[in-house]
file entry14.cif (mmCIF, C-alpha atoms)
data_my_file
#
loop_
_atom_site.label_atom_id
_atom_site.label_comp_id
_atom_site.auth_asym_id
_atom_site.auth_seq_id
_atom_site.Cartn_x
_atom_site.Cartn_y
_atom_site.Cartn_z
CA MET A 1054 23.51 -2.24 -34.28
CA ALA A 1055 20.01 -3.01 -35.52
CA GLY A 1056 19.04 -1.68 -38.93
CA GLY A 1057 21.82 0.89 -38.66
CA VAL A 1058 20.58 2.18 -35.27
CA ILE A 1059 22.78 1.87 -32.17
CA ILE A 1060 20.78 0.65 -29.20
CA GLY A 1061 21.95 1.75 -25.73
CA ARG A 1062 22.70 -0.90 -23.11
CA SER A 1063 19.79 -0.07 -20.79
CA CYS A 1064 17.40 0.22 -23.72
CA TRP A 1065 18.63 -3.12 -25.07
CA ARG A 1066 17.98 -4.75 -21.69
CA ARG A 1067 14.42 -3.48 -21.83
CA LEU A 1068 14.02 -4.83 -25.34
CA ILE A 1069 15.22 -8.21 -24.17
CA PHE A 1070 12.82 -8.12 -21.21
CA HIS A 1071 9.78 -7.09 -23.21
CA GLY A 1072 10.61 -8.87 -26.43
CA HIS A 1073 12.66 -12.05 -26.10
CA LEU A 1074 11.50 -13.27 -22.71
CA ARG A 1075 7.87 -12.66 -23.48
CA GLY A 1076 8.15 -13.90 -27.03
CA ARG A 1077 6.75 -10.72 -28.48
CA GLY A 1078 7.93 -8.09 -30.88
CA LEU A 1079 10.56 -5.60 -29.75
CA GLN A 1080 9.14 -2.43 -28.29
CA SER A 1081 10.26 1.12 -28.89
CA CYS A 1082 12.66 2.87 -26.50
CA SER A 1083 12.39 6.30 -28.07
CA GLN A 1084 12.35 8.17 -24.74
CA PRO A 1085 15.57 9.10 -22.94
CA ASP A 1086 16.32 6.82 -20.00
CA GLY A 1087 15.62 9.57 -17.47
CA MET A 1088 12.06 9.98 -18.73
CA VAL A 1089 11.14 6.29 -18.64
CA ARG A 1090 9.35 4.99 -15.59
CA PRO A 1091 10.56 1.50 -14.61
CA LEU A 1092 7.36 -0.40 -15.45
CA GLU A 1093 6.46 1.27 -18.74
CA GLY A 1094 5.46 -1.44 -21.20
CA VAL A 1095 4.42 -3.84 -18.42
CA LYS A 1096 0.73 -4.83 -18.40
CA ILE A 1097 -1.07 -5.74 -15.17
CA LEU A 1098 -4.37 -7.66 -15.21
CA ASP A 1099 -6.01 -6.67 -11.94
CA LEU A 1100 -8.83 -8.84 -10.59
CA THR A 1101 -8.61 -7.41 -7.07
CA ARG A 1102 -11.14 -5.50 -5.03
CA VAL A 1103 -11.30 -3.44 -1.83
CA LEU A 1104 -7.86 -2.41 -0.47
CA ALA A 1105 -4.80 -4.70 -0.36
CA GLY A 1106 -4.84 -5.61 -4.06
CA PRO A 1107 -5.90 -2.21 -5.43
CA PHE A 1108 -3.24 -0.53 -3.26
CA ALA A 1109 -0.56 -2.81 -4.72
CA THR A 1110 -1.66 -2.30 -8.33
CA MET A 1111 -1.96 1.47 -7.84
CA ILE A 1112 1.72 1.59 -6.86
CA LEU A 1113 2.59 -0.45 -9.97
CA GLY A 1114 0.53 2.00 -12.03
CA ASP A 1115 2.41 4.93 -10.50
CA LEU A 1116 5.62 3.28 -11.72
CA GLY A 1117 4.35 3.24 -15.30
CA ALA A 1118 2.56 -0.11 -15.64
CA GLU A 1119 -0.65 -0.30 -17.64
CA VAL A 1120 -3.18 -1.58 -15.11
CA ILE A 1121 -6.35 -3.19 -16.50
CA LYS A 1122 -8.86 -3.39 -13.66
CA VAL A 1123 -11.51 -6.07 -14.18
CA GLU A 1124 -14.82 -5.18 -12.51
CA LYS A 1125 -18.27 -6.64 -12.14
CA PRO A 1126 -20.69 -4.95 -14.56
CA GLY A 1127 -22.89 -2.46 -12.79
CA SER A 1128 -21.61 -2.39 -9.20
CA GLY A 1129 -17.87 -2.76 -9.88
CA ASP A 1130 -15.35 -2.88 -7.05
CA ASP A 1131 -17.05 -3.33 -3.66
CA THR A 1132 -15.63 -0.04 -2.39
CA ARG A 1133 -17.50 1.97 -5.03
CA SER A 1134 -20.49 1.75 -2.66
CA TRP A 1135 -18.54 2.35 0.56
CA GLY A 1136 -19.58 5.69 1.98
CA PRO A 1137 -20.28 8.33 2.90
CA PRO A 1138 -18.34 10.34 2.09
CA PHE A 1139 -18.95 10.52 -1.63
CA VAL A 1140 -17.78 13.12 -4.14
CA GLY A 1141 -20.87 13.41 -6.30
CA THR A 1142 -21.70 9.75 -6.91
CA GLU A 1143 -18.12 8.50 -6.44
CA SER A 1144 -16.92 6.82 -3.24
CA VAL A 1145 -13.93 8.61 -1.76
CA TYR A 1146 -12.66 5.24 -0.49
CA PHE A 1147 -12.52 3.91 -4.07
CA LEU A 1148 -10.94 7.11 -5.38
CA SER A 1149 -8.11 6.85 -2.83
CA VAL A 1150 -6.53 3.64 -4.21
CA ASN A 1151 -7.44 3.33 -7.88
CA ARG A 1152 -5.61 6.01 -9.85
CA ASN A 1153 -3.65 5.16 -13.00
CA LYS A 1154 -5.95 2.27 -13.97
CA LYS A 1155 -8.25 1.35 -16.83
CA SER A 1156 -11.54 -0.39 -16.09
CA ILE A 1157 -13.12 -3.17 -18.10
CA ALA A 1158 -16.50 -4.45 -16.88
CA VAL A 1159 -16.72 -8.19 -17.59
CA ASN A 1160 -19.12 -10.87 -16.39
CA ILE A 1161 -16.54 -13.55 -15.59
CA LYS A 1162 -19.28 -16.09 -14.82
CA ASP A 1163 -20.20 -16.00 -18.51
CA PRO A 1164 -17.96 -18.42 -20.51
CA LYS A 1165 -17.40 -15.63 -23.04
CA GLY A 1166 -16.29 -13.37 -20.20
CA THR A 1167 -13.94 -16.04 -18.88
CA ARG A 1168 -12.45 -16.32 -22.35
CA ILE A 1169 -11.79 -12.57 -22.39
CA ILE A 1170 -9.90 -12.84 -19.09
CA ARG A 1171 -7.77 -15.70 -20.41
CA GLU A 1172 -6.93 -13.74 -23.56
CA LEU A 1173 -6.07 -10.67 -21.50
CA ALA A 1174 -3.84 -12.80 -19.26
CA ALA A 1175 -1.95 -14.02 -22.32
CA ALA A 1176 -1.45 -10.39 -23.38
CA CYS A 1177 -0.34 -9.22 -19.91
CA ASP A 1178 2.75 -9.68 -17.77
CA VAL A 1179 1.13 -9.85 -14.33
CA PHE A 1180 -2.15 -11.33 -13.08
CA VAL A 1181 -3.28 -10.15 -9.61
CA GLU A 1182 -6.36 -11.56 -7.84
CA ASN A 1183 -7.82 -11.69 -4.34
CA TYR A 1184 -10.49 -14.38 -4.56
CA ILE A 1185 -10.91 -17.14 -1.97
CA PRO A 1186 -8.50 -19.96 -2.95
CA GLY A 1187 -10.00 -22.26 -5.57
CA LYS A 1188 -12.72 -19.83 -6.70
CA LEU A 1189 -10.99 -18.73 -9.90
CA ALA A 1190 -9.82 -22.28 -10.60
CA GLU A 1191 -13.49 -23.30 -10.78
CA MET A 1192 -13.81 -20.85 -13.69
CA GLY A 1193 -10.63 -22.02 -15.39
CA LEU A 1194 -8.73 -18.92 -14.24
CA GLY A 1195 -6.50 -20.38 -11.52
CA TYR A 1196 -2.72 -20.26 -11.81
CA GLU A 1197 -2.45 -23.74 -13.30
CA ASP A 1198 -4.99 -22.82 -15.99
CA VAL A 1199 -3.54 -19.41 -16.81
CA SER A 1200 0.09 -20.54 -16.82
CA LYS A 1201 -0.67 -23.07 -19.57
CA ILE A 1202 -1.68 -20.31 -21.97
CA ALA A 1203 0.66 -17.68 -20.48
CA PRO A 1204 3.79 -19.39 -19.11
CA HIS A 1205 5.41 -15.99 -18.72
CA ILE A 1206 2.74 -14.77 -16.28
CA VAL A 1207 3.63 -13.48 -12.82
CA TYR A 1208 0.46 -14.54 -11.01
CA CYS A 1209 -0.08 -12.98 -7.57
CA SER A 1210 -2.82 -14.29 -5.28
CA ILE A 1211 -3.79 -12.13 -2.29
CA THR A 1212 -5.83 -13.96 0.34
CA GLY A 1213 -6.61 -13.84 4.03
CA TYR A 1214 -4.57 -16.81 5.20
CA GLY A 1215 -2.75 -18.44 2.28
CA GLN A 1216 -3.41 -21.03 -0.42
CA THR A 1217 -3.38 -24.06 1.90
CA GLY A 1218 -3.72 -24.91 5.59
CA PRO A 1219 -6.54 -25.13 8.14
CA MET A 1220 -7.77 -21.55 7.58
CA PHE A 1221 -7.19 -21.10 3.85
CA GLN A 1222 -10.85 -20.90 2.85
CA ARG A 1223 -11.77 -18.18 5.31
CA ALA A 1224 -12.55 -14.77 3.86
CA GLY A 1225 -9.81 -12.24 4.53
CA TYR A 1226 -10.79 -9.03 6.31
CA ASP A 1227 -8.31 -6.57 7.76
CA SER A 1228 -9.68 -6.39 11.30
CA VAL A 1229 -10.04 -10.16 11.63
CA ALA A 1230 -6.55 -10.84 10.28
CA ALA A 1231 -5.20 -8.10 12.54
CA ALA A 1232 -6.85 -9.86 15.49
CA VAL A 1233 -5.61 -13.35 14.60
CA SER A 1234 -2.08 -12.07 13.93
CA GLY A 1235 -1.79 -10.36 17.32
CA LEU A 1236 -1.80 -6.74 16.12
CA LEU A 1237 -4.99 -5.93 18.05
CA HIS A 1238 -3.55 -7.61 21.14
CA ILE A 1239 -0.69 -5.09 21.26
CA THR A 1240 -2.71 -2.02 20.21
CA GLY A 1241 -4.66 0.09 22.70
CA PRO A 1242 -4.24 1.82 26.07
CA GLN A 1243 -2.26 0.13 28.81
CA GLY A 1244 -4.66 -1.96 30.84
CA GLY A 1245 -7.50 -1.18 28.43
CA ASP A 1246 -9.34 -2.96 25.64
CA PRO A 1247 -7.76 -3.90 22.30
CA VAL A 1248 -8.07 -1.19 19.66
CA ARG A 1249 -8.24 -1.45 15.89
CA PRO A 1250 -5.64 0.83 14.24
CA GLY A 1251 -7.27 3.86 12.65
CA VAL A 1252 -6.37 2.74 9.14
CA ALA A 1253 -6.36 -0.80 7.71
CA MET A 1254 -2.64 -1.38 8.21
CA THR A 1255 -2.81 -5.17 7.69
CA ASP A 1256 -4.40 -4.66 4.27
CA LEU A 1257 -1.93 -1.94 3.37
CA ALA A 1258 1.10 -3.94 4.55
CA THR A 1259 -0.12 -6.86 2.43
CA GLY A 1260 -0.46 -4.54 -0.56
CA LEU A 1261 3.11 -3.36 -0.06
CA TYR A 1262 4.36 -6.96 0.22
CA ALA A 1263 2.42 -7.85 -2.94
CA HIS A 1264 3.87 -4.90 -4.85
CA GLY A 1265 7.40 -5.92 -3.86
CA ALA A 1266 6.76 -9.58 -4.63
CA ILE A 1267 5.44 -8.74 -8.10
CA MET A 1268 8.51 -6.62 -8.80
CA SER A 1269 10.68 -9.55 -7.68
CA GLY A 1270 8.66 -11.90 -9.91
CA LEU A 1271 9.24 -9.65 -12.91
CA LEU A 1272 12.97 -9.52 -12.15
CA ARG A 1273 13.11 -13.31 -11.83
CA ARG A 1274 11.33 -13.66 -15.17
CA TYR A 1275 13.85 -11.29 -16.68
CA LYS A 1276 16.55 -13.73 -15.56
CA THR A 1277 14.80 -17.03 -16.33
CA GLY A 1278 12.06 -16.30 -18.84
CA LYS A 1279 9.55 -18.07 -16.61
CA GLY A 1280 6.55 -16.83 -14.65
CA LEU A 1281 5.59 -17.99 -11.17
CA HIS A 1282 2.79 -18.03 -8.59
CA ILE A 1283 3.02 -15.65 -5.62
CA ASP A 1284 1.12 -16.48 -2.42
CA CYS A 1285 0.57 -13.23 -0.49
CA ASN A 1286 -1.82 -13.09 2.46
CA LEU A 1287 -2.94 -10.87 5.31
CA LEU A 1288 -1.97 -13.22 8.15
CA SER A 1289 1.60 -13.78 6.96
CA SER A 1290 2.11 -10.09 6.19
CA GLN A 1291 1.02 -8.96 9.64
CA VAL A 1292 2.86 -11.68 11.57
CA ALA A 1293 6.03 -10.77 9.63
CA CYS A 1294 5.46 -7.12 10.60
CA LEU A 1295 5.45 -8.03 14.31
CA THR A 1296 9.28 -8.06 13.99
CA TYR A 1297 10.81 -7.36 17.43
CA ILE A 1298 7.53 -8.07 19.25
CA ALA A 1299 7.53 -11.56 17.74
CA ALA A 1300 11.26 -12.02 18.36
CA ASN A 1301 10.82 -11.08 22.04
CA TYR A 1302 8.40 -13.97 22.43
CA LEU A 1303 10.17 -16.48 20.19
CA ASN A 1304 13.52 -15.98 21.92
CA GLY A 1305 12.59 -14.97 25.45
CA LYS A 1306 8.97 -16.10 25.82
CA VAL A 1307 8.10 -12.49 26.67
CA GLU A 1308 4.38 -11.95 26.09
CA ALA A 1309 3.57 -8.54 24.60
CA GLN A 1310 1.17 -6.07 26.16
CA ARG A 1311 -0.59 -2.88 25.17
CA TRP A 1312 1.31 0.33 25.89
CA GLY A 1313 -0.94 3.02 24.41
CA THR A 1314 1.44 5.52 22.75
CA ALA A 1315 4.37 4.35 24.89
CA HIS A 1316 7.09 1.82 24.03
CA GLY A 1317 7.86 -1.33 25.97
CA SER A 1318 11.64 -1.00 25.70
CA ILE A 1319 12.36 2.76 25.49
CA VAL A 1320 11.53 5.48 28.04
CA PRO A 1321 10.56 8.20 27.39
CA TYR A 1322 9.03 7.39 24.01
CA GLN A 1323 5.34 8.33 24.01
CA ALA A 1324 2.75 11.10 23.77
CA PHE A 1325 2.39 13.61 26.59
CA LYS A 1326 -0.69 15.77 27.08
CA THR A 1327 -0.08 19.51 26.71
CA LYS A 1328 -2.39 22.44 27.52
CA ASP A 1329 -4.13 22.08 24.15
CA GLY A 1330 -3.12 18.77 22.60
CA TYR A 1331 -0.42 16.11 22.62
CA PHE A 1332 3.34 16.15 22.12
CA VAL A 1333 5.30 13.01 21.23
CA LEU A 1334 8.86 12.75 22.51
CA GLY A 1335 11.37 9.98 21.88
CA ALA A 1336 14.71 9.67 23.72
CA GLY A 1337 16.43 6.79 21.99
CA ASN A 1338 19.71 7.12 23.86
CA ASP A 1339 21.08 8.57 27.10
CA GLN A 1340 22.41 11.78 25.54
CA GLN A 1341 19.01 12.54 24.03
CA PHE A 1342 17.47 12.10 27.47
CA VAL A 1343 19.94 14.59 28.96
CA THR A 1344 19.15 17.09 26.18
CA ALA A 1345 15.42 16.66 26.72
CA CYS A 1346 15.80 17.28 30.45
CA LYS A 1347 17.67 20.54 29.76
CA ILE A 1348 14.94 21.75 27.36
CA LEU A 1349 12.27 20.78 29.89
CA ASN A 1350 14.22 22.61 32.63
CA LEU A 1351 14.38 19.45 34.70
CA PRO A 1352 18.17 19.18 35.38
CA GLU A 1353 17.62 17.11 38.50
CA LEU A 1354 16.45 14.19 36.35
CA CYS A 1355 19.82 13.99 34.63
CA LYS A 1356 21.54 13.58 37.96
CA ASP A 1357 19.10 11.09 39.44
CA PRO A 1358 20.76 7.63 39.42
CA LYS A 1359 17.38 6.00 38.73
CA TYR A 1360 17.36 7.52 35.23
CA LYS A 1361 21.01 7.31 34.16
CA THR A 1362 20.43 4.62 31.51
CA ASN A 1363 17.53 3.53 29.37
CA THR A 1364 17.35 0.21 31.22
CA LEU A 1365 16.93 2.10 34.49
CA ARG A 1366 14.39 4.47 32.94
CA VAL A 1367 12.32 1.49 31.79
CA LYS A 1368 12.54 0.04 35.31
CA HIS A 1369 11.37 3.32 36.86
CA ARG A 1370 8.99 4.22 34.03
CA GLU A 1371 5.97 5.13 36.15
CA ALA A 1372 7.70 7.75 38.31
CA LEU A 1373 9.57 9.33 35.39
CA VAL A 1374 6.52 9.55 33.14
CA GLU A 1375 4.54 11.20 35.93
CA ILE A 1376 7.20 13.94 36.27
CA LEU A 1377 7.39 14.48 32.51
CA SER A 1378 3.61 14.51 32.15
CA THR A 1379 3.29 17.27 34.74
CA ARG A 1380 5.91 19.36 32.96
CA PHE A 1381 4.41 18.96 29.48
CA SER A 1382 0.96 19.95 30.75
CA GLU A 1383 2.26 23.41 31.63
CA LYS A 1384 2.65 24.70 28.04
CA MET A 1385 0.86 24.73 24.70
CA THR A 1386 1.93 22.29 22.00
CA THR A 1387 3.30 25.11 19.81
CA GLU A 1388 5.49 26.31 22.69
CA TRP A 1389 7.03 22.87 23.10
CA LEU A 1390 7.57 22.62 19.34
CA GLN A 1391 9.53 25.88 19.44
CA LEU A 1392 11.62 24.79 22.41
CA PHE A 1393 12.57 21.44 20.86
CA GLU A 1394 13.28 22.89 17.40
CA GLY A 1395 16.85 22.08 16.34
CA SER A 1396 17.52 19.90 19.38
CA GLY A 1397 18.21 16.74 17.38
CA ILE A 1398 15.67 14.84 19.46
CA PRO A 1399 12.75 13.04 17.75
CA TYR A 1400 9.60 15.00 18.58
CA GLY A 1401 6.33 16.18 17.06
CA PRO A 1402 2.66 16.93 17.67
CA ILE A 1403 -0.24 14.50 17.26
CA ASN A 1404 -1.86 16.14 14.26
CA SER A 1405 -5.46 15.95 13.22
CA ILE A 1406 -5.89 15.03 9.54
CA LYS A 1407 -6.60 18.70 8.82
CA GLN A 1408 -3.30 19.59 10.47
CA VAL A 1409 -1.48 16.85 8.55
CA PHE A 1410 -2.37 18.44 5.23
CA SER A 1411 -1.42 21.87 6.55
CA GLU A 1412 2.11 20.70 7.36
CA PRO A 1413 4.57 22.39 4.95
CA GLN A 1414 6.66 19.21 4.73
CA VAL A 1415 3.63 17.19 3.58
CA ALA A 1416 3.02 19.60 0.72
CA HIS A 1417 6.75 19.75 -0.06
CA ASN A 1418 6.89 15.95 -0.34
CA GLY A 1419 4.13 15.95 -2.96
CA LEU A 1420 1.65 14.13 -0.76
CA ILE A 1421 -1.39 15.99 -2.03
CA LEU A 1422 -2.17 14.71 -5.51
CA GLU A 1423 -4.83 16.43 -7.58
CA MET A 1424 -6.60 14.93 -10.60
CA ASP A 1425 -9.51 15.85 -12.86
CA HIS A 1426 -12.15 13.13 -12.60
CA PRO A 1427 -14.43 12.65 -15.65
CA THR A 1428 -17.71 13.08 -13.72
CA VAL A 1429 -17.00 14.91 -10.45
CA GLY A 1430 -14.25 17.32 -11.42
CA LYS A 1431 -11.12 17.98 -9.34
CA ILE A 1432 -10.31 15.42 -6.65
CA SER A 1433 -7.40 15.12 -4.24
CA VAL A 1434 -5.84 11.94 -2.84
CA PRO A 1435 -2.64 11.08 -0.95
CA GLY A 1436 0.30 11.13 -3.34
CA PRO A 1437 2.98 8.44 -3.75
CA ALA A 1438 5.26 7.91 -0.76
CA VAL A 1439 8.49 7.51 -2.74
CA GLN A 1440 10.19 10.01 -5.05
CA TYR A 1441 12.87 9.27 -7.67
CA ASP A 1442 15.48 11.62 -9.05
CA GLU A 1443 15.56 10.15 -12.57
CA PHE A 1444 11.84 10.21 -13.35
CA LYS A 1445 8.68 11.85 -12.08
CA LEU A 1446 5.42 10.25 -11.00
CA SER A 1447 3.50 13.03 -12.70
CA ASN A 1448 0.26 13.47 -14.65
CA PRO A 1449 -1.68 10.72 -12.85
CA LYS A 1450 -4.82 9.36 -14.47
CA PRO A 1451 -7.95 9.63 -12.30
CA PRO A 1452 -9.65 6.48 -10.97
CA PRO A 1453 -11.84 5.04 -13.74
CA LEU A 1454 -15.59 4.67 -13.97
CA VAL A 1455 -16.92 1.09 -14.07
CA GLY A 1456 -16.19 -0.20 -17.57
CA GLN A 1457 -14.89 3.15 -18.78
CA HIS A 1458 -12.27 1.47 -20.98
CA SER A 1459 -14.03 -1.79 -21.89
CA VAL A 1460 -14.25 -1.19 -25.64
CA ALA A 1461 -10.78 0.33 -25.90
CA ILE A 1462 -9.20 -2.65 -24.10
CA LEU A 1463 -11.00 -5.20 -26.27
CA LYS A 1464 -10.00 -3.35 -29.42
CA ASP A 1465 -6.46 -2.22 -28.59
CA THR A 1466 -5.21 -5.06 -26.38
CA LEU A 1467 -7.07 -8.04 -27.88
CA GLY A 1468 -7.72 -6.77 -31.40
CA TYR A 1469 -11.44 -7.57 -31.33
CA SER A 1470 -13.50 -6.37 -34.28
CA ASP A 1471 -16.31 -3.86 -33.85
CA ASP A 1472 -18.87 -6.55 -34.66
CA HIS A 1473 -17.48 -8.91 -32.01
CA ILE A 1474 -17.42 -6.12 -29.43
CA ASN A 1475 -21.01 -5.18 -30.23
CA GLU A 1476 -22.07 -8.80 -29.73
CA LEU A 1477 -20.46 -8.84 -26.29
CA LEU A 1478 -22.05 -5.51 -25.36
CA THR A 1479 -25.47 -6.68 -26.52
CA ALA A 1480 -25.16 -9.90 -24.49
CA ARG A 1481 -24.03 -7.87 -21.45
CA THR A 1482 -20.91 -10.01 -21.22
CA VAL A 1483 -19.07 -6.71 -21.30
CA VAL A 1484 -20.36 -3.28 -20.32
CA GLN A 1485 -19.02 0.07 -21.49
CA HIS A 1486 -19.51 3.19 -19.38
CA GLU A 1487 -20.12 6.20 -21.56
CA VAL A 1488 -18.55 9.37 -20.20
CA CYS A 1489 -20.80 12.37 -20.91
#
call {"tool": "encode", "arguments": {"input": "entry14.cif", "output": "structure tokens"}}
result
Amino acid sequence: MAGGVIIGRSCWRRLIFHGHLRGRGLQSCSQPDGMVRPLEGVKILDLTRVLAGPFATMILGDLGAEVIKVEKPGSGDDTRSWGPPFVGTESVYFLSVNRNKKSIAVNIKDPKGTRIIRELAAACDVFVENYIPGKLAEMGLGYEDVSKIAPHIVYCSITGYGQTGPMFQRAGYDSVAAAVSGLLHITGPQGGDPVRPGVAMTDLATGLYAHGAIMSGLLRRYKTGKGLHIDCNLLSSQVACLTYIAANYLNGKVEAQRWGTAHGSIVPYQAFKTKDGYFVLGAGNDQQFVTACKILNLPELCKDPKYKTNTLRVKHREALVEILSTRFSEKMTTEWLQLFEGSGIPYGPINSIKQVFSEPQVAHNGLILEMDHPTVGKISVPGPAVQYDEFKLSNPKPPPLVGQHSVAILKDTLGYSDDHINELLTARTVVQHEVC
């Protein structure tokens, strides 16, 4: 009991996490457990730009964290100028990965601005940055500097190649890291040129790794009371994602090649051209292959000894794919979808983006998220990929304007007086965006 009030076990654990381990006052747990998102009460100081970092902190914001996005006065995050397309004056690229955040516009090259960042770090649980290694340390904002005033801090650095090593000072860009890591080597048509994936998967994978690492850092701090430094980078993320491709080389010295939509170890598992589009079929075992042959009305393939097992189908790939390609070209994509419905075989069309957002399952899964933006009105972005039965990721806050929350953060988080805030605004150390 505390003051005559019984505190539930899960609530008490949260009090311990937010109060004792951080050395701060106990926080209220007035909401029922089922209504509390896991990161409510956690503060994230976000000094990242472009994609990998903002993607990670957006996920943390979806889970209830208060994300304070630090931006350069005036221009803000680089992606604010990336377009077209724009919605009004807002870059759609920026809007896609910056919901559930507050923006403070601070000149961190100004000593007074640097001081604000240090004070915010002391008031936050997590510090995320994606500067070239050593750049923030020159301003007194590296991990060693911040951890002295905030020993509880979970400090996550997102870079191109890591904190040390022969490439550590290179700028990190998705396409370059994807090239160096081998992803571009294995992506593209068979016998053709390397192809960049249509979305920045190396950046996004790094953002996902960073999100998970930060969650692990918070859990470790819950157990030990201590913060730590996380080294997350594009090269390591993408090499780790090579998985079986990497293992094939490391264990068998098998060099990978480009297969287009096909798979090096499974046949058939690729896209086939139809009368009006493409149909992707995957037969992951021998029974699925037999079922597919029946649906395709090609019973002779089931009996052909060359195709009895997957190993044999891989060996005789070229002849089998030619037969299947001819058959698939005889019908429309919708006809094949109807024929394969309920078969238990993995299949589907290659959708355009318009078709993606017309798929009933996409809408059912909550993957179209609408928000009211303060200057451009209603916007839509891809919704969160994961759903939870005990709480909802609802009522998202729209991506902020540059410096939209500067004054509120200085006042509410740091307790600055109006006079002090006005001095900073006058000196342009901090900029506040006024929403009309």
call {"tool": "residues_around", "arguments": {"input": "entry14.cif", "residues": "Ile1348 of chain A", "least_positions_apart": "6", "cutoff": "12 Å", "atoms": "all atoms listed in the file", "output": "ChimeraX atom specification"}}
result
/A:1334,1341-1342,1354-1355,1377,1380-1381,1388-1398
call {"tool": "write_last_selection", "arguments": {"input": "entry14.cif", "atoms": "C-alpha atoms", "output": "CSV table (one decimal), keeping the file's coordinate frame"}}
result
chain,number,residue,atom,x,y,z
A,1334,LEU,CA,8.9,12.8,22.5
A,1341,GLN,CA,19.0,12.5,24.0
A,1342,PHE,CA,17.5,12.1,27.5
A,1354,LEU,CA,16.4,14.2,36.4
A,1355,CYS,CA,19.8,14.0,34.6
A,1377,LEU,CA,7.4,14.5,32.5
A,1380,ARG,CA,5.9,19.4,33.0
A,1381,PHE,CA,4.4,19.0,29.5
A,1388,GLU,CA,5.5,26.3,22.7
A,1389,TRP,CA,7.0,22.9,23.1
A,1390,LEU,CA,7.6,22.6,19.3
A,1391,GLN,CA,9.5,25.9,19.4
A,1392,LEU,CA,11.6,24.8,22.4
A,1393,PHE,CA,12.6,21.4,20.9
A,1394,GLU,CA,13.3,22.9,17.4
A,1395,GLY,CA,16.8,22.1,16.3
A,1396,SER,CA,17.5,19.9,19.4
A,1397,GLY,CA,18.2,16.7,17.4
A,1398,ILE,CA,15.7,14.8,19.5
call {"tool": "closest_residue", "arguments": {"input": "entry14.cif", "among": "A:Ala1230, A:Ala1266, A:Leu1194, A:Ile1421", "to": "Val1409 of chain A", "atoms": "all atoms listed in the file"}}
result
A:Ile1421
call {"tool": "closest_residue", "arguments": {"input": "entry14.cif", "among": "A:Leu1422, A:Val1150, A:Ala1309, A:Ala1372", "to": "Tyr1360 of chain A", "atoms": "all atoms listed in the file"}}
result
A:Ala1372
call {"tool": "closest_atom_pairs", "arguments": {"input": "entry14.cif", "of": "segment 1149-1184 of chain A", "to": "segment 1466-1472 of chain A", "cutoff": "9 Å", "atoms": "all atoms listed in the file", "output": "Markdown table"}}
result
| residue | atom | partner | partner_atom | distance |
| --- | --- | --- | --- | --- |
| A:Ile1169 | CA | A:Leu1467 | CA | 8.5 |
| A:Glu1172 | CA | A:Leu1467 | CA | 7.2 |
| A:Leu1173 | CA | A:Leu1467 | CA | 7.0 |
| A:Ala1176 | CA | A:Thr1466 | CA | 7.2 |
call {"tool": "closest_residue", "arguments": {"input": "entry14.cif", "among": "A:Cys1209, A:Gly1193, A:His1458, A:Gly1430", "to": "Lys1122 of chain A", "atoms": "all atoms listed in the file"}}
result
A:His1458
call {"tool": "residues_around", "arguments": {"input": "entry14.cif", "residues": "Pro1352 of chain A", "least_positions_apart": "5", "cutoff": "9 Å", "atoms": "all atoms listed in the file", "output": "mmCIF file with C-alpha atoms, in the coordinates of the input"}}
result
data_model
loop_
_atom_site.group_PDB
_atom_site.id
_atom_site.type_symbol
_atom_site.label_atom_id
_atom_site.label_comp_id
_atom_site.auth_asym_id
_atom_site.auth_seq_id
_atom_site.Cartn_x
_atom_site.Cartn_y
_atom_site.Cartn_z
ATOM 1 C CA VAL A 1343 19.940 14.590 28.960
ATOM 2 C CA CYS A 1346 15.800 17.280 30.450
ATOM 3 C CA LYS A 1347 17.670 20.540 29.760
#
call {"tool": "closest_residue", "arguments": {"input": "entry14.cif", "among": "A:Thr1386, A:Ser1128, A:Asn1350, A:Gln1310", "to": "His1486 of chain A", "atoms": "only C-alpha atoms"}}
result
A:Ser1128
call {"tool": "resolve_selection", "arguments": {"input": "entry14.cif", "expression": "the PyMOL selection byres ((chain A and resi 1179) around 8)", "output": "ChimeraX atom specification"}}
result
/A:1095-1098,1174,1177-1178,1180-1181,1206-1209,1267
call {"tool": "residues_around", "arguments": {"input": "entry14.cif", "residues": "Leu1365 of chain A", "least_positions_apart": "5", "cutoff": "12 Å", "atoms": "all atoms listed in the file", "output": "list in words"}}
result
Ser1318, Ile1319, Val1320, Pro1321, Asp1339, Asp1357, Pro1358, Lys1359, Tyr1360, Arg1370, Glu1371, Ala1372 and Leu1373 of chain A
call {"tool": "closest_residue", "arguments": {"input": "entry14.cif", "among": "A:Pro1427, A:Val1145, A:Ala1461, A:His1205", "to": "Tyr1275 of chain A", "atoms": "only C-alpha atoms"}}
result
A:His1205
call {"tool": "resolve_selection", "arguments": {"input": "entry14.cif", "expression": "the PyMOL selection byres ((chain A and resi 1241) around 12)", "output": "ChimeraX atom specification"}}
result
/A:1236-1240,1242-1251,1310-1316
call {"tool": "resolve_selection", "arguments": {"input": "entry14.cif", "expression": "the PyMOL selection byres ((chain A and resi 1259-1264) around 9)", "output": "PyMOL selection string"}}
result
chain A and resi 1104-1110+1112-1113+1209-1211+1254-1258+1265-1269+1283-1291
call {"tool": "closest_residue", "arguments": {"input": "entry14.cif", "among": "A:Gly1235, A:Gly1401, A:Gly1129, A:Pro1137", "to": "Tyr1331 of chain A", "atoms": "all atoms listed in the file"}}
result
A:Gly1401
call {"tool": "atom_distance", "arguments": {"input": "entry14.cif", "atom1": "atom CA of Leu1189 of chain A", "atom2": "atom CA of Pro1451 of chain A"}}
result
28.6 Å
